[in-house]
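Below is query_23.txt, which holds compact mmCIF, C-alpha atoms.
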# COMPACT_ATOMS: atom_id res chain seq x y z
CA MET X 1 -9.86 13.95 35.88
CA ALA X 2 -8.65 10.52 36.97
CA ARG X 3 -11.00 8.45 39.12
CA LEU X 4 -10.41 5.41 41.31
CA ALA X 5 -12.58 2.60 42.58
CA CYS X 6 -12.60 2.19 46.37
CA PRO X 7 -11.19 -1.32 47.09
CA LEU X 8 -13.78 -1.86 49.86
CA CYS X 9 -17.04 -0.34 48.69
CA GLY X 10 -16.31 -0.11 44.95
CA GLN X 11 -17.51 3.48 44.66
CA GLN X 12 -15.81 5.72 42.06
CA VAL X 13 -13.79 8.39 43.83
CA SER X 14 -11.86 11.36 42.44
CA ALA X 15 -8.10 10.60 42.57
CA THR X 16 -7.29 13.75 44.52
CA ARG X 17 -6.50 14.42 48.14
CA GLN X 18 -9.79 16.20 48.75
CA GLY X 19 -11.84 13.58 46.92
CA LEU X 20 -10.42 10.61 48.82
CA ALA X 21 -10.53 12.40 52.16
CA GLN X 22 -14.14 13.38 51.62
CA HIS X 23 -15.00 9.77 50.72
CA GLU X 24 -13.33 8.46 53.89
CA ARG X 25 -15.12 10.98 56.09
CA ALA X 26 -18.48 10.31 54.40
CA GLY X 27 -18.02 6.58 54.94
CA GLY X 28 -17.64 7.01 58.68
CA GLY X 29 -14.40 5.09 58.64
CA ARG X 30 -15.87 1.98 56.99
CA CYS X 31 -13.40 2.19 54.11
CA LEU X 32 -10.35 2.54 56.33
CA PRO X 33 -9.77 -0.74 58.23
CA GLU X 34 -6.76 -1.83 56.18
CA GLU X 35 -5.08 1.53 56.37
CA ARG X 36 -5.41 1.71 60.12
CA SER X 37 -3.25 -1.33 60.62
CA GLU X 38 -0.56 0.38 58.62
CA LEU X 39 -0.43 3.51 60.83
CA LYS X 40 2.60 3.88 63.09
CA PRO X 41 2.26 5.03 66.73
CA GLY X 42 2.61 8.78 67.15
CA ALA X 43 5.40 10.45 69.05
CA PHE X 44 3.20 10.73 72.16
CA GLY X 45 2.43 7.00 72.15
CA CYS X 46 6.09 6.08 71.79
CA ALA X 47 6.97 8.40 74.66
CA ALA X 48 4.29 6.83 76.84
CA LEU X 49 5.58 3.37 76.07
CA ALA X 50 9.15 4.41 76.92
CA VAL X 51 8.04 6.00 80.20
CA GLY X 52 6.16 2.84 81.11
CA ALA X 53 9.19 0.68 80.49
CA VAL X 54 11.46 2.95 82.58
CA ALA X 55 8.89 3.16 85.38
CA GLY X 56 8.51 -0.59 85.44
CA VAL X 57 12.29 -1.04 85.83
CA VAL X 58 12.78 1.78 88.40
CA PHE X 59 9.87 0.88 90.62
CA SER X 60 10.09 -2.83 89.88
CA SER X 61 6.35 -2.75 89.37
CA TRP X 62 4.82 -4.58 86.46
CA PRO X 63 1.36 -3.02 87.01
CA VAL X 64 2.89 0.41 86.38
CA PHE X 65 4.45 -0.91 83.16
CA TRP X 66 1.19 -2.40 81.91
CA LEU X 67 -0.66 0.80 82.81
CA CYS X 68 1.74 2.88 80.76
CA LEU X 69 1.47 0.39 77.87
CA ALA X 70 -2.33 0.63 77.97
CA VAL X 71 -2.09 4.41 77.88
CA ALA X 72 0.19 4.16 74.78
CA VAL X 73 -2.26 1.85 72.99
CA ALA X 74 -5.17 4.15 73.81
CA VAL X 75 -3.28 7.14 72.47
CA TYR X 76 -2.52 5.21 69.24
CA ALA X 77 -6.18 4.25 68.82
CA VAL X 78 -7.40 7.79 69.37
CA ARG X 79 -4.87 9.22 66.87
CA ALA X 80 -5.68 6.54 64.26
CA SER X 81 -9.40 7.27 64.40
CA ALA X 82 -8.94 11.02 64.21
CA PRO X 83 -10.02 12.84 61.01
CA ALA X 84 -6.46 14.03 60.48
CA ALA X 85 -5.31 10.42 60.27
CA ARG X 86 -7.92 9.58 57.66
CA VAL X 87 -6.93 12.64 55.64
CA ALA X 88 -3.27 11.53 55.79
CA VAL X 89 -4.19 8.07 54.51
CA ALA X 90 -6.33 9.60 51.75
CA ASP X 91 -3.41 11.80 50.75
CA ARG X 92 -1.10 8.81 50.49
CA ARG X 93 -3.59 6.82 48.41
CA ALA X 94 -4.19 9.75 46.08
CA VAL X 95 -0.47 10.25 45.55
CA GLU X 96 0.09 6.57 44.84
CA ALA X 97 -2.86 6.45 42.41
CA VAL X 98 -1.69 9.50 40.48
CA GLN X 99 1.83 8.06 40.32
CA ARG X 100 0.53 4.79 38.90
CA GLU X 101 -1.55 6.66 36.32
CA SER X 102 1.45 8.75 35.28
CA GLU X 103 3.60 5.66 34.83
CA THR X 104 0.90 4.01 32.72
CA ALA X 105 0.52 7.10 30.54
CA ALA X 106 4.28 7.41 30.09
CA ASP X 107 4.65 3.81 28.98
CA PRO X 108 1.38 2.82 27.30
CA VAL X 109 0.85 -0.64 25.88
CA VAL X 110 0.34 -0.01 22.17
CA LYS X 111 -1.52 -2.81 20.49
CA PRO X 112 -0.56 -3.34 16.84
CA VAL X 113 -3.31 -2.39 14.42
CA ALA X 114 -4.09 -5.10 11.90
CA ARG X 115 -3.38 -3.92 8.33
CA ASP X 116 -5.96 -4.27 5.61
CA VAL X 117 -3.72 -4.78 2.58
CA GLY X 118 -6.71 -5.18 0.29
CA GLN X 119 -8.05 -1.78 1.30
CA GLU X 120 -4.61 -0.23 0.78
CA ALA X 121 -4.46 -1.77 -2.70
CA ARG X 122 -7.87 -0.39 -3.67
CA ARG X 123 -6.91 3.05 -2.36
CA LEU X 124 -3.67 2.89 -4.35
CA LEU X 125 -5.51 2.17 -7.61
CA GLU X 126 -7.84 5.10 -6.93
CA GLU X 127 -5.11 7.60 -6.09
CA LEU X 128 -2.54 6.84 -8.81
CA PRO X 129 -2.83 8.48 -12.26
CA VAL X 130 -5.33 6.79 -14.56
CA LEU X 131 -4.38 4.63 -17.51
CA GLY X 132 -3.13 6.73 -20.41
CA SER X 133 -1.39 9.33 -18.25
CA THR X 134 2.11 10.38 -19.18
CA THR X 135 5.11 8.47 -17.91
CA GLU X 136 6.30 11.59 -16.07
CA ASP X 137 3.03 11.89 -14.14
CA ALA X 138 3.03 8.20 -13.19
CA ILE X 139 6.64 8.30 -11.98
CA ALA X 140 6.08 11.55 -10.08
CA ALA X 141 3.11 10.09 -8.17
CA CYS X 142 5.09 7.00 -7.19
CA MET X 143 8.13 9.09 -6.20
CA VAL X 144 5.99 10.92 -3.65
CA ARG X 145 5.09 7.60 -2.06
CA LEU X 146 8.70 6.42 -2.22
CA GLY X 147 9.97 9.39 -0.21
CA HIS X 148 13.55 9.23 -1.48
CA PRO X 149 16.00 11.92 -0.25
CA ASP X 150 17.17 12.68 -3.83
CA PRO X 151 13.96 12.47 -5.87
CA GLN X 152 14.98 14.56 -8.87
CA ALA X 153 17.96 12.49 -10.02
CA LEU X 154 16.16 9.24 -9.28
CA SER X 155 13.06 10.34 -11.20
CA VAL X 156 15.13 10.83 -14.35
CA ARG X 157 16.47 7.28 -14.11
CA PHE X 158 13.02 5.81 -13.50
CA ILE X 159 11.47 7.75 -16.38
CA LYS X 160 14.18 6.50 -18.75
CA LEU X 161 13.65 2.91 -17.54
CA ALA X 162 9.86 3.17 -17.87
CA ARG X 163 9.98 4.59 -21.39
CA ALA X 164 12.14 1.71 -22.53
CA HIS X 165 10.39 -1.21 -20.81
CA VAL X 166 6.87 -0.20 -19.70
CA ALA X 167 4.09 -0.44 -22.27
CA ALA X 168 1.71 2.44 -22.91
CA ASP X 169 -1.32 0.54 -21.58
CA GLU X 170 0.33 -0.40 -18.29
CA ARG X 171 -0.17 1.34 -14.95
CA ILE X 172 2.89 1.99 -12.81
CA LEU X 173 2.01 0.98 -9.24
CA ALA X 174 5.25 1.32 -7.27
CA LEU X 175 8.94 2.08 -7.48
CA VAL X 176 11.60 0.09 -5.63
CA VAL X 177 15.15 1.20 -4.83
CA THR X 178 17.81 -1.00 -3.20
CA GLU X 179 20.82 1.15 -2.33
CA GLY X 180 24.30 -0.28 -2.90
CA ALA X 181 22.97 -3.46 -4.47
CA THR X 182 25.62 -3.64 -7.20
CA ALA X 183 29.38 -3.90 -7.05
CA ARG X 184 29.87 -0.21 -7.88
CA GLY X 185 27.30 0.92 -5.35
CA VAL X 186 24.71 1.78 -8.01
CA PRO X 187 21.18 1.26 -6.65
CA LEU X 188 19.06 -1.53 -8.04
CA LEU X 189 15.86 -0.11 -9.55
CA ALA X 190 12.55 -1.86 -10.06
CA ILE X 191 9.17 -0.74 -11.38
CA VAL X 192 6.03 -2.65 -10.41
CA THR X 193 3.25 -2.38 -13.00
CA ASP X 194 -0.13 -4.05 -13.30
CA ARG X 195 1.37 -6.49 -15.82
CA ALA X 196 5.04 -7.03 -15.03
CA LEU X 197 8.11 -6.23 -12.96
CA VAL X 198 10.84 -4.17 -14.66
CA VAL X 199 14.29 -4.49 -13.08
CA LYS X 200 17.50 -2.61 -13.77
CA GLU X 201 20.68 -3.85 -12.12
CA GLY X 202 23.81 -1.96 -13.12
CA GLY X 203 23.72 -1.58 -16.88
CA VAL X 204 21.31 -4.47 -17.47
CA ALA X 205 17.55 -3.92 -17.60
CA TYR X 206 14.91 -6.55 -18.26
CA ARG X 207 11.19 -7.18 -17.95
CA ASP X 208 9.70 -10.07 -15.94
CA GLU X 209 6.11 -10.86 -16.92
CA GLU X 210 5.58 -13.41 -14.12
CA PRO X 211 7.49 -12.44 -10.95
CA HIS X 212 7.10 -14.71 -7.94
CA VAL X 213 5.11 -13.44 -4.96
CA GLU X 214 5.52 -14.88 -1.46
CA SER X 215 3.00 -13.75 1.16
CA GLY X 216 3.21 -13.80 4.95
CA GLU X 217 5.28 -11.98 7.56
CA SER X 218 8.44 -12.47 5.48
CA GLY X 219 6.68 -11.84 2.17
CA TYR X 220 8.58 -10.68 -0.88
CA LEU X 221 8.45 -10.10 -4.62
CA ALA X 222 11.07 -12.11 -6.51
CA SER X 223 12.52 -12.02 -9.99
CA GLY X 224 15.08 -14.78 -10.33
CA PRO X 225 17.60 -14.47 -7.47
CA ARG X 226 16.55 -10.90 -6.66
CA LEU X 227 14.24 -10.59 -3.68
CA PHE X 228 12.35 -7.44 -2.70
CA PHE X 229 11.00 -7.92 0.83
CA PHE X 230 7.79 -6.14 1.74
CA LYS X 231 9.13 -5.05 5.15
CA ASP X 232 12.08 -3.27 3.52
CA HIS X 233 10.10 -1.38 0.87
CA ASN X 234 7.21 0.78 1.98
CA GLY X 235 4.08 0.28 -0.13
CA LEU X 236 5.40 -2.73 -2.05
CA GLU X 237 2.95 -5.20 -0.52
CA ALA X 238 0.01 -2.94 -1.36
CA ALA X 239 1.33 -2.55 -4.92
CA VAL X 240 1.53 -6.33 -5.37
CA ALA X 241 -2.03 -6.68 -4.08
CA ALA X 242 -3.13 -3.88 -6.42
CA ARG X 243 -1.49 -5.77 -9.28
CA ALA X 244 -3.66 -8.80 -8.55
CA LEU X 245 -6.78 -6.60 -8.34
CA ALA X 246 -5.94 -4.96 -11.65
CA ALA X 247 -5.48 -8.34 -13.32
CA SER X 248 -8.85 -9.52 -12.02
CA SER X 249 -10.53 -6.30 -13.13
CA ARG X 250 -8.88 -6.53 -16.54
CA SER X 251 -10.14 -10.09 -17.02
CA SER X 252 -13.73 -9.19 -16.11
CA SER X 253 -13.54 -6.08 -18.26
CA ARG X 254 -12.49 -8.14 -21.26
CA SER X 255 -15.40 -10.51 -20.66
CA ARG X 256 -17.81 -7.57 -20.65
CA LYS X 257 -16.24 -6.01 -23.73
CA ALA X 258 -16.55 -9.30 -25.62
CA ALA X 259 -20.31 -8.71 -25.72
CA ALA X 260 -20.13 -4.92 -25.97
CA ALA X 261 -20.19 -2.58 -28.92
CA ARG X 262 -17.14 -1.33 -30.74
CA PRO X 263 -14.51 0.53 -28.69
CA PRO X 264 -15.38 4.21 -28.16
CA GLY X 265 -13.42 6.88 -29.95
CA ARG X 266 -10.22 8.23 -28.43
CA LEU X 267 -8.64 11.54 -29.32
CA ILE X 268 -5.23 10.89 -30.86
CA ARG X 269 -2.63 13.52 -29.96
CA GLU X 270 0.60 11.57 -30.30
CA ALA X 271 1.93 8.21 -31.46
CA ARG X 272 1.29 6.55 -28.09
CA ASP X 273 -2.39 7.47 -28.30
CA ALA X 274 -2.58 5.76 -31.68
CA GLU X 275 -0.98 2.63 -30.21
CA LEU X 276 -3.56 2.56 -27.40
CA VAL X 277 -6.32 2.79 -30.00
CA ALA X 278 -4.75 -0.11 -31.86
CA VAL X 279 -4.64 -2.17 -28.64
CA GLU X 280 -8.35 -1.63 -27.99
CA TRP X 281 -9.31 -2.58 -31.50
CA MET X 282 -7.02 -5.61 -31.53
CA ARG X 283 -8.80 -6.89 -28.44
CA TYR X 284 -12.17 -6.21 -30.07
CA LEU X 285 -11.06 -8.11 -33.17
CA GLY X 286 -10.48 -11.21 -31.04
CA PHE X 287 -6.90 -10.87 -29.80
CA GLU X 288 -7.87 -10.45 -26.12
CA ASP X 289 -4.32 -10.50 -24.73
CA ALA X 290 -3.05 -7.70 -26.99
CA VAL X 291 -0.73 -5.19 -25.28
CA ALA X 292 1.34 -2.24 -26.47
CA THR X 293 5.05 -2.90 -26.61
CA PRO X 294 7.49 -0.70 -24.66
CA VAL X 295 9.25 2.16 -26.36
CA GLY X 296 12.58 1.12 -27.82
CA ALA X 297 13.94 -1.51 -30.14
CA ASP X 298 10.64 -3.27 -30.85
CA GLY X 299 11.49 -4.35 -34.39
CA GLY X 300 8.64 -2.31 -35.82
CA ILE X 301 6.03 -4.06 -33.66
CA ASP X 302 3.78 -1.71 -31.63
CA VAL X 303 1.15 -4.20 -30.39
CA THR X 304 1.67 -7.85 -29.66
CA SER X 305 -0.46 -10.80 -28.58
CA SER X 306 -0.22 -14.57 -28.57
CA ARG X 307 -1.84 -14.84 -32.04
CA ALA X 308 -1.11 -11.55 -33.79
CA VAL X 309 1.18 -8.54 -34.00
CA ALA X 310 0.38 -5.03 -35.18
CA GLN X 311 2.22 -1.99 -36.41
CA VAL X 312 0.95 1.60 -36.17
CA LYS X 313 2.07 4.38 -38.49
CA MET X 314 1.14 7.97 -37.67
CA GLU X 315 2.67 9.70 -40.67
CA ALA X 316 1.48 12.29 -43.18
CA LYS X 317 2.29 10.13 -46.20
CA PRO X 318 0.71 6.77 -47.13
CA THR X 319 2.47 3.62 -45.94
CA GLY X 320 4.44 1.92 -48.68
CA ARG X 321 4.90 -1.72 -49.65
CA PRO X 322 8.36 -2.23 -48.00
CA VAL X 323 6.98 -1.42 -44.56
CA VAL X 324 4.05 -3.82 -44.98
CA GLN X 325 6.45 -6.50 -46.23
CA GLN X 326 8.60 -6.03 -43.14
CA LEU X 327 5.60 -6.65 -40.86
CA HIS X 328 4.68 -9.74 -42.85
CA GLY X 329 8.21 -11.09 -42.41
CA VAL X 330 7.91 -10.81 -38.64
CA CYS X 331 4.52 -12.56 -38.75
CA VAL X 332 5.88 -15.46 -40.80
CA HIS X 333 8.80 -15.85 -38.41
CA GLU X 334 6.55 -15.93 -35.32
CA GLY X 335 3.59 -17.71 -36.92
CA LYS X 336 1.13 -14.89 -36.20
CA THR X 337 -1.38 -12.73 -38.02
CA GLY X 338 -0.18 -9.29 -39.12
CA VAL X 339 -2.40 -6.22 -38.63
CA PHE X 340 -1.48 -2.73 -39.84
CA PHE X 341 -2.95 0.60 -38.70
CA SER X 342 -2.05 3.69 -40.73
CA LEU X 343 -3.20 7.29 -40.36
CA ALA X 344 -2.57 8.31 -43.98
CA GLY X 345 -3.61 5.03 -45.62
CA TYR X 346 -1.53 2.91 -48.02
CA THR X 347 0.01 3.12 -51.45
CA PRO X 348 -1.56 1.00 -54.22
CA GLN X 349 1.51 -1.24 -54.23
CA ALA X 350 1.16 -1.85 -50.46
CA ARG X 351 -2.53 -2.73 -50.77
CA THR X 352 -1.90 -5.10 -53.67
CA TRP X 353 0.90 -6.87 -51.82
CA ALA X 354 -1.20 -7.11 -48.62
CA GLU X 355 -3.98 -8.87 -50.54
CA THR X 356 -1.61 -11.62 -51.65
CA SER X 357 0.07 -12.02 -48.26
CA GLY X 358 -3.07 -11.86 -46.10
CA THR X 359 -1.92 -8.85 -44.10
CA VAL X 360 -4.81 -6.99 -42.44
CA LEU X 361 -4.90 -3.27 -43.27
CA PHE X 362 -6.82 -0.59 -41.31
CA ARG X 363 -6.84 3.16 -41.69
CA PHE X 364 -7.68 5.37 -38.70
CA ASP X 365 -8.39 9.07 -38.10
CA TYR X 366 -7.59 11.46 -35.26
CA GLN X 367 -10.78 10.43 -33.44
CA GLY X 368 -9.52 6.87 -33.10
CA SER X 369 -12.02 5.29 -35.53
CA PRO X 370 -10.37 2.73 -37.83
CA GLU X 371 -11.91 1.51 -41.07
CA PRO X 372 -10.99 -1.66 -43.00
CA VAL X 373 -8.99 -1.16 -46.18
CA ASN X 374 -8.70 -4.69 -47.66
CA ALA X 375 -10.74 -7.90 -47.67
CA ALA X 376 -8.86 -9.46 -44.73
CA ALA X 377 -9.68 -6.45 -42.58
CA HIS X 378 -13.37 -6.51 -43.59
CA GLU X 379 -13.64 -10.22 -42.71
CA LEU X 380 -11.94 -9.77 -39.33
CA LEU X 381 -14.15 -6.81 -38.39
CA ALA X 382 -17.33 -8.57 -39.56
CA ALA X 383 -16.52 -11.59 -37.41
CA ALA X 384 -15.98 -9.32 -34.37
CA ASP X 385 -19.28 -7.53 -34.96
CA ALA X 386 -21.07 -10.85 -35.30
CA ARG X 387 -19.77 -11.96 -31.90
CA THR X 388 -21.18 -8.83 -30.25
CA ARG X 389 -24.64 -9.49 -31.68
CA ARG X 390 -24.89 -12.99 -30.24

Would you write out, as structure tokens, the structure that this file holds?
Amino acid sequence: MARLACPLCGQQVSATRQGLAQHERAGGGRCLPEERSELKPGAFGCAALAVGAVAGVVFSSWPVFWLCLAVAVAVYAVRASAPAARVAVADRRAVEAVQRESETAADPVVKPVARDVGQEARRLLEELPVLGSTTEDAIAACMVRLGHPDPQALSVRFIKLARAHVAADERILALVVTEGATARGVPLLAIVTDRALVVKEGGVAYRDEEPHVESGESGYLASGPRLFFFKDHNGLEAAVAARALAASSRSSSRSRKAAAARPPGRLIREARDAELVAVEWMRYLGFEDAVATPVGADGGIDVTSSRAVAQVKMEAKPTGRPVVQQLHGVCVHEGKTGVFFSLAGYTPQARTWAETSGTVLFRFDYQGSPEPVNAAAHELLAAADARTRR
């Protein structure tokens, strides 16, 4: 129930007719001086004043006029001090107070709540599918957050884009759609991951490893001339913040792993699992920035880093010399070390050729435990083990 503060005594009073009237009566009229001055003379007082004026003119007697005027004032005073008058004033005040309260409730002043983007980013990383989940699961989770009116058709396009340009060891954080961005009205699509920004405009798709981020009220994520404003894309700002958190966590994790034991085993069910195993072991071997390449025309390279490239073969037959030679050709062209991971091992010709070329050969099993096959692999693994013992 609404309550009011009496403007004279400050006491809290119920904002009802009975509550205010009871307060006025209990106060003995002390809380009513202002209201009294606002009361109008009653009908009897006005009549007495009119009779006095007429009598004064008819009898030409000013004493009669003043007598009638005094009677009118006395009648006004008596009526103003009557309990009925105080009840009437209390009624008016209660009505006005309730009206003011109703207007305030109908048009409340809503104060904007300050956003905690950092908290939103942490919650996003906790709620999205974990690393190693399927592309379909990652896209489906982000589509729910996107809230697009035609999710099924759009999901197919995003899944196709992710399979071609998102690496297996990347987490998809957000999806961006800009309707009618191209000349033919085809929406511009973008995928925000913890490592890059993948953009598809019309028939052209590309991957930006270092998109520009502008913070503030007019913040945006930019890739070349394309700007994705935070205010126009729900959840984009939190995704960008989550990307920074993931990068920081990844850096600290690599520092911890540098002094840790060998990577734990991982059950290999498909080719992508084998590539993730290769990424973990490449980082353990000293290539800390190793990442799995996206599905598509990768030229036979499944893992890449600034100092080495690796190829993974999950086949039932041993890897032959031509395939190892092909990897070595890529390494010579890029000036990097070549590392090979094969499930079924290698042919004698491949092992002999790898010894002369310096290609590192590993064999792995379905539990994700590789073993060195040639001298270069033994030396690389021994150096990594020695670093962990320091």

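Taking all atoms listed in the file, the non-local environment of Glu201 in chain X within 9 Å (same-chain residues fewer than 2 positions away omitted) comprises X:Ala181, X:Thr182, X:Val186, X:Pro187, X:Leu188, X:Leu189, X:Ala190, X:Val199, X:Gly203, X:Val204, X:Ala205, X:Tyr206.
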
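Nearest to Gly300 in chain X of all the residues X:Lys160, X:Lys317, X:His328, X:His165 is X:His328, based on only C-alpha atoms.
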
For this session: Could you check how far CA of Thr193 in chain X sits from CA of Arg226 in chain X, in Å to one decimal?
Result: 17.0 Å

Problem set entry | Given only C-alpha atoms as the counted atoms, nearest of X:Pro264, X:Pro294, X:Gly286, X:Gly219 to Ala167 in chain X | X:Pro294

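With all atoms listed in the file as the atoms that count, the residue of X:Ser342, X:Gln152, X:Gln119, X:Thr347 with the shortest distance to Arg363 in chain X is X:Ser342.
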
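The space separating CA of Lys336 in chain X from CA of Arg243 in chain X comes to 28.5 Å.
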
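Going from CA of Val303 in chain X over to CA of Val291 in chain X, you cover 5.5 Å.
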
Exercise. What's the 9 Å shell around Leu381 in chain X, counting all atoms listed in the file, without same-chain residues fewer than 6 positions away, as a list of chain:residue names?
Worked result: X:Tyr284, X:Leu285, X:Pro372

For this session: Please identify all polymer residues within 10 Å of Ala141 in chain X, counting only C-alpha atoms, omitting same-chain residues fewer than 3 positions from it, and present them as an MDAnalysis selection string.
Result: chainID X and resid 127:129 136:138 144:146 172:175

Problem set entry | Nearest-residue call for Arg266 in chain X, choices X:Arg163, X:Asp365, X:Ala308, X:Glu120, using all atoms listed in the file | X:Asp365

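Remark: for Ala386 in chain X, the closest of the candidate residues X:Ala164, X:Val324, X:Ala261, X:Ala239 is X:Ala261 (distances computed over all atoms listed in the file).
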
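Compared by their closest atoms to Met282 in chain X, and using all atoms listed in the file, the residues X:Leu327, X:Ala344, X:Leu245, X:Ala377 rank with X:Ala377 nearest.
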
How would you write as a JSON list (two decimals) with C-alpha atoms, in the coordinates of the input the residues that get within 12 Å of (-2.7, -8.3, -48.1) in the file's frame, counting all atoms listed in the file?
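Once everything was written out, this is out02.json:
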[["chain", "number", "residue", "atom", "x", "y", "z"],
["X", 321, "ARG", "CA", 4.90, -1.72, -49.65],
["X", 324, "VAL", "CA", 4.05, -3.82, -44.98],
["X", 325, "GLN", "CA", 6.45, -6.50, -46.23],
["X", 327, "LEU", "CA", 5.60, -6.65, -40.86],
["X", 328, "HIS", "CA", 4.68, -9.74, -42.85],
["X", 337, "THR", "CA", -1.38, -12.73, -38.02],
["X", 338, "GLY", "CA", -0.18, -9.29, -39.12],
["X", 339, "VAL", "CA", -2.40, -6.22, -38.63],
["X", 340, "PHE", "CA", -1.48, -2.73, -39.84],
["X", 346, "TYR", "CA", -1.53, 2.91, -48.02],
["X", 348, "PRO", "CA", -1.56, 1.00, -54.22],
["X", 349, "GLN", "CA", 1.51, -1.24, -54.23],
["X", 350, "ALA", "CA", 1.16, -1.85, -50.46],
["X", 351, "ARG", "CA", -2.53, -2.73, -50.77],
["X", 352, "THR", "CA", -1.90, -5.10, -53.67],
["X", 353, "TRP", "CA", 0.90, -6.87, -51.82],
["X", 354, "ALA", "CA", -1.20, -7.11, -48.62],
["X", 355, "GLU", "CA", -3.98, -8.87, -50.54],
["X", 356, "THR", "CA", -1.61, -11.62, -51.65],
["X", 357, "SER", "CA", 0.07, -12.02, -48.26],
["X", 358, "GLY", "CA", -3.07, -11.86, -46.10],
["X", 359, "THR", "CA", -1.92, -8.85, -44.10],
["X", 360, "VAL", "CA", -4.81, -6.99, -42.44],
["X", 361, "LEU", "CA", -4.90, -3.27, -43.27],
["X", 362, "PHE", "CA", -6.82, -0.59, -41.31],
["X", 372, "PRO", "CA", -10.99, -1.66, -43.00],
["X", 373, "VAL", "CA", -8.99, -1.16, -46.18],
["X", 374, "ASN", "CA", -8.70, -4.69, -47.66],
["X", 375, "ALA", "CA", -10.74, -7.90, -47.67],
["X", 376, "ALA", "CA", -8.86, -9.46, -44.73],
["X", 377, "ALA", "CA", -9.68, -6.45, -42.58],
["X", 378, "HIS", "CA", -13.37, -6.51, -43.59]]

Problem set entry | Polymer residues at most 7 Å from Pro263 in chain X, only C-alpha atoms, same-chain spacing of 2 or more positions, as a PyMOL selection string | chain X and resi 261+265+280-281

Report, as JSON, the axis-aligned box around all atoms of range 324-335 of chain X present in the file, extended by 5 Å on each side; give centre and edge lengths in Å to one decimal place.
{"center_x": 6.2, "center_y": -10.8, "center_z": -40.8, "size_x": 15.2, "size_y": 23.9, "size_z": 20.9}
